[in-house]
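> My structure is in data28.csv, and what it holds is CSV, C-alpha atoms:
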```
chain,number,residue,atom,x,y,z
A,192,MET,CA,-108.6,-55.2,-55.6
A,193,LEU,CA,-105.4,-55.7,-57.6
A,194,THR,CA,-106.1,-56.4,-61.3
A,195,LEU,CA,-103.2,-56.2,-63.7
A,196,GLY,CA,-104.9,-57.1,-67.1
A,197,ARG,CA,-102.6,-60.1,-67.7
A,198,GLU,CA,-100.8,-62.9,-65.9
A,199,ILE,CA,-97.9,-61.5,-64.0
A,200,LYS,CA,-95.8,-64.2,-62.4
A,201,LYS,CA,-95.5,-63.8,-58.6
A,202,GLY,CA,-92.0,-62.8,-57.5
A,203,SER,CA,-91.5,-60.7,-60.7
A,204,ARG,CA,-89.2,-57.8,-60.2
A,205,ILE,CA,-91.0,-54.5,-60.8
A,206,LEU,CA,-89.6,-51.0,-61.1
A,207,VAL,CA,-92.2,-48.6,-59.6
A,208,ALA,CA,-92.1,-44.9,-60.6
A,209,MET,CA,-92.8,-43.1,-57.3
A,210,SER,CA,-93.6,-39.3,-57.5
A,211,GLY,CA,-94.4,-38.9,-53.8
A,212,GLY,CA,-98.2,-38.8,-54.4
A,213,VAL,CA,-100.9,-41.1,-53.2
A,214,ASP,CA,-101.4,-42.9,-56.5
A,215,SER,CA,-97.9,-44.2,-57.1
A,216,ALA,CA,-97.5,-44.9,-53.4
A,217,LEU,CA,-100.5,-47.1,-53.3
A,218,ALA,CA,-99.5,-48.8,-56.6
A,219,ALA,CA,-96.2,-49.7,-55.0
A,220,VAL,CA,-97.8,-51.0,-51.8
A,221,LEU,CA,-100.4,-53.1,-53.5
A,222,LEU,CA,-97.7,-54.7,-55.7
A,223,SER,CA,-95.4,-55.3,-52.8
A,224,ARG,CA,-98.0,-56.9,-50.7
A,225,ALA,CA,-99.2,-59.1,-53.6
A,226,GLY,CA,-95.9,-60.8,-53.7
A,227,TYR,CA,-94.0,-58.8,-56.3
A,228,GLU,CA,-90.4,-57.6,-55.8
A,229,CYS,CA,-90.6,-53.9,-56.0
A,230,VAL,CA,-87.8,-51.3,-56.6
A,231,GLY,CA,-89.0,-47.7,-56.1
A,232,ILE,CA,-87.5,-44.9,-58.2
A,233,ASN,CA,-88.1,-41.2,-58.0
A,234,MET,CA,-87.3,-39.1,-61.1
A,235,ARG,CA,-85.5,-35.9,-60.2
A,236,THR,CA,-86.1,-33.7,-63.2
A,237,TYR,CA,-85.1,-30.3,-61.8
A,238,HIS,CA,-82.5,-29.1,-59.4
A,239,PRO,CA,-83.5,-26.0,-57.3
A,240,ASN,CA,-81.3,-23.0,-58.0
A,241,GLU,CA,-80.3,-20.3,-55.5
A,242,GLU,CA,-83.3,-18.2,-56.4
A,243,ASP,CA,-85.7,-21.1,-55.7
A,244,LEU,CA,-84.1,-21.9,-52.4
A,245,LYS,CA,-84.3,-18.2,-51.3
A,246,SER,CA,-87.9,-17.9,-52.3
A,247,GLY,CA,-88.9,-21.1,-50.6
A,248,ARG,CA,-90.9,-22.1,-53.7
A,249,ARG,CA,-92.9,-25.3,-53.4
A,250,PHE,CA,-92.2,-27.3,-56.5
A,251,GLN,CA,-95.0,-28.9,-58.5
A,252,THR,CA,-92.6,-31.6,-59.8
A,253,CYS,CA,-91.9,-35.0,-58.6
A,254,CYS,CA,-88.3,-33.8,-58.0
A,255,SER,CA,-89.1,-31.7,-55.0
A,256,PRO,CA,-87.3,-32.7,-51.8
A,257,GLU,CA,-90.6,-33.0,-50.0
A,258,ASP,CA,-92.1,-35.4,-52.6
A,259,ALA,CA,-89.0,-37.5,-52.8
A,260,ALA,CA,-89.0,-37.8,-49.0
A,261,ASP,CA,-92.7,-38.9,-49.1
A,262,ALA,CA,-91.9,-41.6,-51.7
A,263,ARG,CA,-88.9,-42.8,-49.7
A,264,ALA,CA,-91.0,-43.1,-46.6
A,265,VAL,CA,-93.4,-45.5,-48.4
A,266,ALA,CA,-90.5,-47.6,-49.6
A,267,GLN,CA,-89.1,-47.8,-46.1
A,268,GLN,CA,-92.5,-48.7,-44.6
A,269,GLU,CA,-92.8,-51.6,-47.1
A,270,ASN,CA,-89.1,-52.5,-46.9
A,271,PHE,CA,-88.2,-52.4,-50.6
A,272,PRO,CA,-85.2,-50.5,-52.1
A,273,TYR,CA,-85.7,-46.9,-53.3
A,274,TYR,CA,-83.5,-44.7,-55.5
A,275,VAL,CA,-83.6,-41.1,-56.8
A,276,MET,CA,-82.6,-40.9,-60.4
A,277,ASP,CA,-81.2,-37.6,-61.8
A,278,LEU,CA,-83.0,-37.0,-65.2
A,279,GLU,CA,-82.7,-33.3,-65.4
A,280,LYS,CA,-80.8,-33.3,-68.7
A,281,GLU,CA,-83.1,-35.9,-70.3
A,282,PHE,CA,-86.2,-34.1,-69.1
A,283,HIS,CA,-85.0,-30.8,-70.5
A,284,ALA,CA,-84.1,-32.4,-73.9
A,285,SER,CA,-87.2,-34.5,-74.3
A,286,VAL,CA,-89.9,-32.4,-72.6
A,287,VAL,CA,-88.9,-28.8,-71.7
A,288,GLN,CA,-87.2,-27.8,-75.0
A,289,PRO,CA,-89.9,-29.2,-77.2
A,290,PHE,CA,-92.4,-27.3,-75.0
A,291,ILE,CA,-90.6,-24.1,-75.7
A,292,ASN,CA,-90.1,-24.8,-79.4
A,293,ASP,CA,-93.8,-25.5,-79.9
A,294,TYR,CA,-94.9,-22.3,-78.3
A,295,LEU,CA,-92.4,-20.3,-80.4
A,296,SER,CA,-93.8,-22.0,-83.6
A,297,GLY,CA,-97.4,-21.2,-82.8
A,298,ARG,CA,-98.3,-24.6,-81.5
A,299,THR,CA,-99.7,-25.5,-78.1
A,300,PRO,CA,-97.6,-28.4,-76.6
A,301,ASN,CA,-98.6,-31.4,-74.6
A,302,PRO,CA,-95.6,-32.1,-72.3
A,303,CYS,CA,-97.2,-35.0,-70.4
A,304,VAL,CA,-97.3,-37.2,-73.5
A,305,LEU,CA,-93.6,-36.6,-74.1
A,306,CYS,CA,-92.8,-37.3,-70.5
A,307,ASN,CA,-94.6,-40.7,-70.6
A,308,ASN,CA,-93.1,-41.7,-73.9
A,309,HIS,CA,-89.5,-40.7,-73.3
A,310,LEU,CA,-89.0,-40.8,-69.5
A,311,LYS,CA,-91.5,-42.9,-67.6
A,312,LEU,CA,-91.7,-45.7,-70.3
A,313,GLY,CA,-88.5,-44.8,-72.1
A,314,VAL,CA,-85.6,-44.0,-69.7
A,315,LEU,CA,-87.2,-46.0,-66.9
A,316,LEU,CA,-87.7,-49.1,-69.0
A,317,ASP,CA,-84.0,-48.9,-70.0
A,318,LYS,CA,-83.2,-48.7,-66.2
A,319,ALA,CA,-85.5,-51.6,-65.6
A,320,ASN,CA,-83.4,-53.7,-68.1
A,321,ILE,CA,-80.2,-52.8,-66.3
A,322,TRP,CA,-81.6,-53.6,-62.9
A,323,GLY,CA,-83.2,-56.9,-64.0
A,324,CYS,CA,-86.7,-55.7,-63.6
A,325,ASP,CA,-89.4,-57.4,-65.7
A,326,TYR,CA,-91.9,-54.5,-65.6
A,327,VAL,CA,-92.4,-50.8,-65.0
A,328,ALA,CA,-95.4,-49.7,-62.9
A,329,THR,CA,-96.9,-46.3,-62.3
A,330,GLY,CA,-99.9,-44.7,-60.6
A,331,HIS,CA,-101.6,-43.8,-63.9
A,332,TYR,CA,-105.4,-44.3,-64.2
A,333,ALA,CA,-105.5,-46.6,-67.2
A,334,ARG,CA,-105.7,-50.3,-67.9
A,335,VAL,CA,-103.2,-52.3,-70.0
A,336,GLU,CA,-104.6,-55.6,-71.2
A,337,GLU,CA,-103.3,-58.4,-73.4
A,338,ASN,CA,-105.7,-59.3,-76.2
A,339,THR,CA,-105.0,-63.0,-76.8
A,340,THR,CA,-107.0,-63.0,-80.0
A,341,THR,CA,-105.0,-60.3,-81.8
A,342,GLY,CA,-101.8,-60.8,-79.9
A,343,ARG,CA,-101.6,-57.0,-79.1
A,344,PHE,CA,-101.4,-55.2,-75.8
A,345,GLU,CA,-104.3,-52.8,-75.5
A,346,LEU,CA,-104.7,-49.5,-73.6
A,347,GLN,CA,-108.2,-49.3,-72.0
A,348,ARG,CA,-109.9,-46.4,-70.2
A,349,ALA,CA,-109.7,-46.5,-66.4
A,350,ALA,CA,-112.7,-47.4,-64.3
A,351,ASP,CA,-112.8,-43.9,-62.9
A,352,ALA,CA,-113.7,-41.8,-66.0
A,353,SER,CA,-113.0,-38.5,-64.2
A,354,LYS,CA,-109.3,-39.6,-63.7
A,355,ASP,CA,-108.7,-41.5,-66.9
A,356,GLN,CA,-105.2,-40.8,-68.3
A,357,THR,CA,-105.2,-42.9,-71.5
A,358,TYR,CA,-105.1,-39.6,-73.6
A,359,TYR,CA,-101.6,-39.0,-72.2
A,360,LEU,CA,-100.4,-42.6,-73.0
A,361,PHE,CA,-101.4,-43.0,-76.6
A,362,GLY,CA,-97.8,-42.8,-77.8
A,363,LEU,CA,-96.6,-46.0,-76.1
A,364,SER,CA,-95.3,-48.8,-78.3
A,365,GLN,CA,-96.3,-52.4,-78.1
A,366,THR,CA,-92.9,-53.2,-76.5
A,367,GLN,CA,-93.5,-50.5,-73.8
A,368,LEU,CA,-97.1,-51.6,-73.2
A,369,SER,CA,-96.0,-55.3,-72.8
A,370,ARG,CA,-94.0,-54.3,-69.8
A,371,PHE,CA,-96.2,-51.5,-68.4
A,372,ILE,CA,-98.4,-52.1,-65.3
A,373,CYS,CA,-101.1,-49.8,-64.0
A,374,PRO,CA,-102.4,-51.2,-60.7
A,375,LEU,CA,-105.0,-48.5,-60.2
A,376,GLY,CA,-106.8,-48.8,-63.5
A,377,GLY,CA,-109.7,-50.6,-62.1
A,378,MET,CA,-110.2,-48.3,-59.1
A,379,THR,CA,-111.8,-44.9,-58.4
A,380,LYS,CA,-109.9,-42.1,-56.8
A,381,THR,CA,-112.1,-42.4,-53.7
A,382,THR,CA,-111.1,-46.1,-53.4
A,383,VAL,CA,-107.5,-45.3,-53.8
A,384,ARG,CA,-107.5,-42.7,-51.0
A,385,GLN,CA,-109.5,-45.1,-48.8
A,386,LEU,CA,-107.0,-48.0,-49.4
A,387,ALA,CA,-104.1,-45.7,-48.8
A,388,ARG,CA,-105.5,-44.7,-45.5
A,389,GLU,CA,-106.1,-48.3,-44.6
A,390,HIS,CA,-102.5,-49.2,-45.5
A,391,GLY,CA,-101.2,-46.5,-43.2
A,392,LEU,CA,-99.8,-44.2,-45.9
A,393,ALA,CA,-99.2,-40.7,-44.7
A,394,VAL,CA,-99.9,-39.4,-48.2
A,395,HIS,CA,-103.5,-40.7,-48.3
A,396,ASP,CA,-104.9,-37.2,-48.3
A,397,LYS,CA,-102.1,-35.4,-50.2
A,398,PRO,CA,-103.6,-33.1,-52.9
A,399,ASP,CA,-103.2,-34.0,-56.6
A,400,SER,CA,-101.0,-31.8,-58.8
A,401,MET,CA,-103.1,-30.1,-61.4
A,402,GLU,CA,-100.4,-27.9,-63.1
A,403,ILE,CA,-97.6,-28.3,-65.6
A,404,CYS,CA,-95.0,-29.7,-63.4
A,405,PHE,CA,-92.0,-27.5,-64.5
A,406,VAL,CA,-93.8,-24.2,-65.0
A,407,PRO,CA,-94.0,-22.2,-61.7
A,408,GLN,CA,-97.5,-21.1,-60.8
A,409,ASN,CA,-98.6,-22.5,-64.2
A,410,ASP,CA,-97.6,-19.2,-65.8
A,411,TYR,CA,-96.1,-20.4,-69.1
A,412,ARG,CA,-95.7,-16.9,-70.4
A,413,ALA,CA,-93.4,-15.9,-67.5
A,414,PHE,CA,-91.6,-19.3,-68.0
A,415,LEU,CA,-91.0,-18.5,-71.7
A,416,ARG,CA,-89.7,-15.0,-70.9
A,417,LYS,CA,-87.1,-16.5,-68.6
A,418,GLN,CA,-86.1,-19.3,-71.1
A,419,VAL,CA,-85.7,-17.6,-74.4
A,420,GLU,CA,-84.0,-14.5,-75.8
A,421,ALA,CA,-86.3,-11.4,-75.9
A,422,SER,CA,-85.8,-11.2,-79.6
A,423,ALA,CA,-87.4,-14.6,-80.1
A,424,ILE,CA,-90.8,-13.3,-79.1
A,425,GLN,CA,-91.8,-10.2,-81.0
A,426,PRO,CA,-95.0,-8.0,-80.8
A,427,GLY,CA,-97.3,-7.9,-83.8
A,428,ASP,CA,-100.8,-7.4,-85.0
A,429,ILE,CA,-104.1,-9.0,-84.0
A,430,VAL,CA,-106.3,-9.4,-87.0
A,431,ARG,CA,-109.8,-10.6,-88.0
A,432,PRO,CA,-110.1,-13.5,-90.5
A,433,ASP,CA,-110.4,-11.0,-93.3
A,434,GLY,CA,-107.1,-9.4,-92.4
A,435,THR,CA,-108.5,-6.3,-90.7
A,436,VAL,CA,-106.1,-5.1,-87.9
A,437,VAL,CA,-108.1,-4.8,-84.6
A,438,GLY,CA,-105.2,-4.7,-82.0
A,439,HIS,CA,-101.7,-5.7,-81.1
A,440,HIS,CA,-100.2,-8.6,-79.3
A,441,GLU,CA,-97.0,-9.1,-77.3
A,442,GLY,CA,-96.0,-12.3,-79.1
A,443,VAL,CA,-97.7,-15.2,-80.9
A,444,ALA,CA,-96.2,-17.6,-78.3
A,445,TYR,CA,-98.4,-16.1,-75.6
A,446,TYR,CA,-101.7,-17.2,-77.2
A,447,THR,CA,-103.5,-20.4,-77.8
A,448,ILE,CA,-106.3,-21.5,-80.1
A,449,GLY,CA,-109.7,-21.0,-78.4
A,450,GLN,CA,-108.4,-18.5,-75.9
A,451,ARG,CA,-111.0,-15.8,-74.9
A,452,ARG,CA,-109.5,-14.1,-71.9
A,453,GLY,CA,-106.5,-11.8,-72.0
A,454,ILE,CA,-106.8,-10.8,-75.7
A,455,GLY,CA,-107.3,-7.1,-74.7
A,456,ILE,CA,-109.8,-6.0,-77.4
A,457,ALA,CA,-113.2,-4.5,-76.6
A,458,HIS,CA,-115.9,-5.9,-78.8
A,459,ALA,CA,-119.7,-6.2,-78.8
A,460,GLU,CA,-119.3,-10.0,-78.8
A,461,PRO,CA,-116.6,-12.1,-77.1
A,462,LEU,CA,-113.6,-12.6,-79.3
A,463,TYR,CA,-111.6,-15.9,-79.4
A,464,VAL,CA,-108.2,-16.8,-80.9
A,465,VAL,CA,-109.0,-18.8,-84.0
A,466,ASP,CA,-105.6,-19.0,-85.6
A,467,LEU,CA,-101.9,-18.3,-85.0
A,468,LEU,CA,-99.6,-17.4,-87.9
A,469,PRO,CA,-96.1,-17.2,-86.6
A,470,GLU,CA,-94.5,-16.7,-90.0
A,471,GLN,CA,-96.5,-13.5,-90.4
A,472,ASN,CA,-96.4,-12.8,-86.6
A,473,LEU,CA,-100.2,-12.5,-86.6
A,474,VAL,CA,-102.8,-13.6,-84.1
A,475,VAL,CA,-106.2,-14.1,-85.7
A,476,VAL,CA,-109.4,-13.6,-83.7
A,477,GLY,CA,-113.1,-14.2,-84.4
A,478,GLU,CA,-116.4,-15.0,-82.9
A,479,GLN,CA,-117.2,-18.3,-81.3
A,480,GLN,CA,-118.5,-19.9,-84.5
A,481,ASP,CA,-115.1,-19.1,-86.0
A,482,THR,CA,-113.5,-21.6,-83.6
A,483,LEU,CA,-115.4,-24.5,-85.1
A,484,SER,CA,-113.6,-27.0,-87.4
A,485,SER,CA,-115.0,-29.8,-89.5
A,486,GLY,CA,-111.9,-31.9,-89.1
A,487,LEU,CA,-108.1,-31.9,-88.7
A,488,VAL,CA,-104.9,-33.2,-90.2
A,489,CYS,CA,-102.6,-35.2,-88.0
A,490,SER,CA,-99.2,-37.0,-88.3
A,491,ARG,CA,-96.8,-39.2,-86.4
A,492,MET,CA,-99.4,-41.7,-85.7
A,493,ASN,CA,-99.0,-44.6,-83.2
A,494,TRP,CA,-101.2,-47.6,-83.4
A,495,ILE,CA,-102.1,-49.7,-80.3
A,496,ALA,CA,-105.2,-51.9,-80.6
A,497,ILE,CA,-105.0,-52.2,-84.4
A,498,PRO,CA,-102.3,-52.3,-87.1
A,499,GLU,CA,-102.1,-49.2,-89.3
A,500,PRO,CA,-105.3,-49.1,-91.4
A,501,ASP,CA,-105.2,-49.0,-95.1
A,502,GLY,CA,-108.6,-47.3,-95.5
A,503,PRO,CA,-111.1,-45.2,-93.6
A,504,ILE,CA,-112.3,-46.2,-90.1
A,505,LYS,CA,-115.0,-44.9,-87.8
A,506,CYS,CA,-113.8,-43.9,-84.4
A,507,GLY,CA,-114.1,-41.4,-81.6
A,508,GLY,CA,-111.6,-38.6,-81.8
A,509,GLN,CA,-110.6,-36.9,-78.6
A,510,ILE,CA,-108.7,-33.6,-79.2
A,511,ARG,CA,-107.9,-32.6,-75.6
A,512,TYR,CA,-107.5,-34.2,-72.2
A,513,ARG,CA,-110.7,-32.9,-70.7
A,514,SER,CA,-113.0,-33.5,-73.7
A,515,GLN,CA,-115.1,-36.4,-74.8
A,516,PRO,CA,-114.4,-38.3,-78.0
A,517,ALA,CA,-116.4,-37.0,-81.0
A,518,GLU,CA,-117.7,-39.4,-83.6
A,519,ALA,CA,-115.4,-39.1,-86.6
A,520,THR,CA,-113.9,-40.8,-89.7
A,521,LEU,CA,-110.2,-41.3,-90.1
A,522,ASN,CA,-108.7,-41.4,-93.6
A,523,PRO,CA,-105.1,-42.1,-94.6
A,524,GLY,CA,-103.5,-39.2,-96.5
A,525,GLU,CA,-100.1,-38.6,-98.1
A,526,ASN,CA,-96.6,-38.1,-96.7
A,527,GLY,CA,-97.4,-39.7,-93.4
A,528,GLN,CA,-100.4,-37.5,-92.7
A,529,TRP,CA,-104.0,-38.5,-91.8
A,530,SER,CA,-107.3,-36.7,-91.9
A,531,VAL,CA,-110.0,-36.8,-89.2
A,532,THR,CA,-113.4,-35.6,-90.3
A,533,PHE,CA,-115.9,-35.1,-87.4
A,534,ASP,CA,-119.6,-35.9,-87.7
A,535,ALA,CA,-120.3,-32.5,-86.0
A,536,PRO,CA,-117.9,-29.5,-85.9
A,537,GLN,CA,-115.5,-29.3,-83.0
A,538,ARG,CA,-114.3,-26.3,-81.1
A,539,ALA,CA,-110.7,-25.1,-80.9
A,540,VAL,CA,-108.8,-27.8,-82.8
A,541,THR,CA,-105.3,-27.0,-81.7
A,542,PRO,CA,-102.0,-27.8,-83.5
A,543,GLY,CA,-99.5,-29.3,-81.1
A,544,GLN,CA,-102.1,-31.2,-79.1
A,545,ALA,CA,-102.9,-34.9,-79.6
A,546,VAL,CA,-105.9,-36.5,-81.2
A,547,VAL,CA,-106.5,-39.9,-79.6
A,548,LEU,CA,-108.7,-42.3,-81.3
A,549,TYR,CA,-111.1,-44.6,-79.3
A,550,ARG,CA,-113.5,-47.4,-80.0
A,551,GLY,CA,-115.5,-47.6,-76.8
A,552,ASP,CA,-113.0,-47.8,-73.9
A,553,THR,CA,-110.2,-49.0,-76.2
A,554,VAL,CA,-107.5,-46.7,-77.6
A,555,LEU,CA,-107.0,-47.5,-81.2
A,556,GLY,CA,-104.1,-45.1,-81.6
A,557,GLY,CA,-103.4,-41.4,-81.9
A,558,GLY,CA,-101.2,-38.7,-83.4
A,559,TRP,CA,-100.3,-35.1,-83.3
A,560,ILE,CA,-102.5,-32.4,-84.7
A,561,GLU,CA,-100.9,-30.4,-87.5
A,562,ARG,CA,-103.7,-28.1,-88.5
A,563,ALA,CA,-107.5,-27.7,-88.3
A,564,VAL,CA,-109.8,-28.1,-91.3
A,565,ARG,CA,-112.5,-25.5,-91.4
```
Before anything else, please render the file you have as structure tokens.


Amino acid sequence: MLTLGREIKKGSRILVAMSGGVDSALAAVLLSRAGYECVGINMRTYHPNEEDLKSGRRFQTCCSPEDAADARAVAQQENFPYYVMDLEKEFHASVVQPFINDYLSGRTPNPCVLCNNHLKLGVLLDKANIWGCDYVATGHYARVEENTTTGRFELQRAADASKDQTYYLFGLSQTQLSRFICPLGGMTKTTVRQLAREHGLAVHDKPDSMEICFVPQNDYRAFLRKQVEASAIQPGDIVRPDGTVVGHHEGVAYYTIGQRRGIGIAHAEPLYVVDLLPEQNLVVVGEQQDTLSSGLVCSRMNWIAIPEPDGPIKCGGQIRYRSQPAEATLNPGENGQWSVTFDAPQRAVTPGQAVVLYRGDTVLGGGWIERAVR
């Protein structure tokens, strides 16, 4: 069942990121039993404060005491070393603060991409070097394969389309991909749970986390209120595309492109957030057709399967995790920006999110959405 997408010498030392969930637990067990020397590591990205301890809040993060204990139990069962690494400062600087800054600037952040780039394949790869580990492995649903023709390491969709996580991994460099292992990429979630049960893992039926790991109850508005000064988020007007004032908002940071619920305006037809103008402190709303865009402008591109193109290319552009790639044409622009023009208009193109470019199951590359093109 274990397919790694390239030849990995038996006995290689592998640092395995273990969150305490079933996916990373099985990844570690399969590698260990296949003859690789595993070192388990749990990233502690948050220290519970007095309020947390009094409330008995169950953390969503991989830093919770319960999750760390679950990961340690797997390492003890398989008899490989396991460590907890304090990354709270790095996590706040690389993931949490950009998350806050994006919302304050009218963008909708994607913290999982930053976590993968800077921590799981950033800080952990540095730690792997220090500990003499050849590779870093995780429980991600993706495939990393070496293309011997092009000499590039490619990121391929997972066998289980419903769990595929390549969208969150588009920012990885060739150096990172060359040392990245995804043992579960060829399996379905059903198979993973079945194998975990067969291998005697107590976490075989542990529920998956579906929320932003550092935002309690997935309420990002309450999180922002606690994290920033009250003066940083000011009330303002809600307007139609023609500028007509139709209501008032509590702060641009509390809205996202495409949002329908919670706008607080009675109207004959449902209204959607179609634009955010933080400089003017305005939230723009319109009908569903107003959410459609013919394309987008993106920047900070990362190329994986191909070198940076010098002309237009056809591809599939995926603009959010739970969407399908839409047929599109990518064109190079100026000042490090690129344009993506869709064959058919797409709904709710959102600045701050990623656009990931595919050709079939292969990730060509991706970048960050700067603005929609109507």

> Nearest residue to A:Ser484 out of A:Val465, A:Ile291, A:Leu521, A:Ala349, using only C-alpha atoms?

A:Val465

> Would you please work out which residue, of A:Leu278, A:Val327, A:Ala260, A:Met209, is nearest to A:Tyr237 when using only C-alpha atoms?

A:Leu278

> Can you list, as a list in words, every protein, DNA or RNA residue that comes within 9 Å of A:Lys311 when you count only C-alpha atoms, leaving out same-chain residues fewer than 6 positions away?

Ala208, Met234, Val327 and Thr329 of chain A

> Could you pull out every residue with an atom within 12 Å of (-85.1, -50.6, -67.8), file coordinates, counting all atoms listed in the file, and send them as a VMD selection string?

chain A and resid 204 to 208 230 232 310 to 328 366 to 367 370 to 371

> Go through A:Gly455, A:Gly196, A:Gly231, A:Gly507 and flag the residue nearest A:Leu368, using all atoms listed in the file for the distances.

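Of A:Gly455, A:Gly196, A:Gly231, A:Gly507, the one nearest A:Leu368 is A:Gly196, counting all atoms listed in the file.
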
> Select, from A:Asp214, A:Glu345, A:Glu279, A:Glu441, the residue with the minimum atom-to-atom distance to A:Ala262, counting only C-alpha atoms.

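Of all the options, A:Asp214 lies closest to A:Ala262.
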
> Go through stretch 396-475 of chain A residue by residue and, counting all atoms listed in the file, keep those with an atom at most 10 Å from stretch 284-287 of chain A; for each kept residue give the shortest atom pair and its distance in Å to one decimal, ordered by chain and increasing number, as CSV.


```
residue,atom,partner,partner_atom,distance
A:Phe405,CA,A:Val287,CA,7.9
A:Val406,CA,A:Val287,CA,9.5
A:Gln418,CA,A:Val287,CA,9.9
```

> Can you tell me how far atom CA of A:Tyr358 sits from atom CA of A:Ala535, in Å to one decimal?

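Taking atom CA of A:Tyr358 as the start and atom CA of A:Ala535 as the end point, the length is 20.9 Å.
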
> Have a look at A:Lys201, A:Arg550, A:Arg412, A:Arg511 and name the one nearest to A:Tyr446; count all atoms listed in the file.

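Answer, going by the shortest atom-to-atom distance: A:Arg412.
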
> Taking 4 positions as the minimum chain separation for residues in the same chain, which residues sit within 12 Å of A:Ala421 when counting only C-alpha atoms? Answer as a PyMOL selection string.

chain A and resi 295+413+415-417+425-426+441-442+444

> Once you have the residues from the selection above, write them out as a PDB file, in the coordinates of the input, restricted to C-alpha atoms.


```
ATOM      1  CA  LEU A 295     -92.400 -20.300 -80.400  1.00  0.00           C
ATOM      2  CA  ALA A 413     -93.400 -15.900 -67.500  1.00  0.00           C
ATOM      3  CA  LEU A 415     -91.000 -18.500 -71.700  1.00  0.00           C
ATOM      4  CA  ARG A 416     -89.700 -15.000 -70.900  1.00  0.00           C
ATOM      5  CA  LYS A 417     -87.100 -16.500 -68.600  1.00  0.00           C
ATOM      6  CA  GLN A 425     -91.800 -10.200 -81.000  1.00  0.00           C
ATOM      7  CA  PRO A 426     -95.000  -8.000 -80.800  1.00  0.00           C
ATOM      8  CA  GLU A 441     -97.000  -9.100 -77.300  1.00  0.00           C
ATOM      9  CA  GLY A 442     -96.000 -12.300 -79.100  1.00  0.00           C
ATOM     10  CA  ALA A 444     -96.200 -17.600 -78.300  1.00  0.00           C
TER      11      ALA A 444
END
```

> Pick out the closest residue to A:Ile495 from this set: A:Gly377, A:Gly527, A:Gly558, A:Gly427. Count all atoms listed in the file.

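Distance minimum relative to A:Ile495 lands on A:Gly558.
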
> Taking (-91.8, -58.0, -58.2) in the coordinates of the supplied file, I want to know which residues reach to within 6 Å of it, counting only C-alpha atoms; could you give the answer as a PDB file with C-alpha atoms, in the frame of the given file?


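The result, written out as result.pdb:
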```
ATOM      1  CA  GLY A 202     -92.000 -62.800 -57.500  1.00  0.00           C
ATOM      2  CA  SER A 203     -91.500 -60.700 -60.700  1.00  0.00           C
ATOM      3  CA  ARG A 204     -89.200 -57.800 -60.200  1.00  0.00           C
ATOM      4  CA  ILE A 205     -91.000 -54.500 -60.800  1.00  0.00           C
ATOM      5  CA  TYR A 227     -94.000 -58.800 -56.300  1.00  0.00           C
ATOM      6  CA  GLU A 228     -90.400 -57.600 -55.800  1.00  0.00           C
ATOM      7  CA  CYS A 229     -90.600 -53.900 -56.000  1.00  0.00           C
TER       8      CYS A 229
END
```

> How many Å lie between atom CA of A:Ser369 and atom CA of A:Thr339, rounded to one decimal?

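Going from atom CA of A:Ser369 over to atom CA of A:Thr339, I get 12.5 Å.
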
> What does the structure give for the distance between atom CA of A:Gly557 and atom CA of A:Val304, in Å to one decimal?

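Answer for the atom CA of A:Gly557 to atom CA of A:Val304 separation: 11.2 Å.
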
> Considering all atoms listed in the file, return as a PyMOL selection string whatever protein or nucleic-acid residues lie within 12 Å of A:Ala216, sequence-local ones (same chain, fewer than 4 positions apart) excluded.

chain A and resi 207-212+220-223+229+231-233+258-269+273+328-331+374-375+383-384+386-388+390-397

> Tell me which protein, DNA and RNA residues are within 9 Å of stretch 457-461 of chain A, counting all atoms listed in the file, leaving out same-chain ones fewer than 2 positions away, and put them as a list in words.

Arg451, Gly455, Tyr463, Gly477, Glu478 and Gln479 of chain A
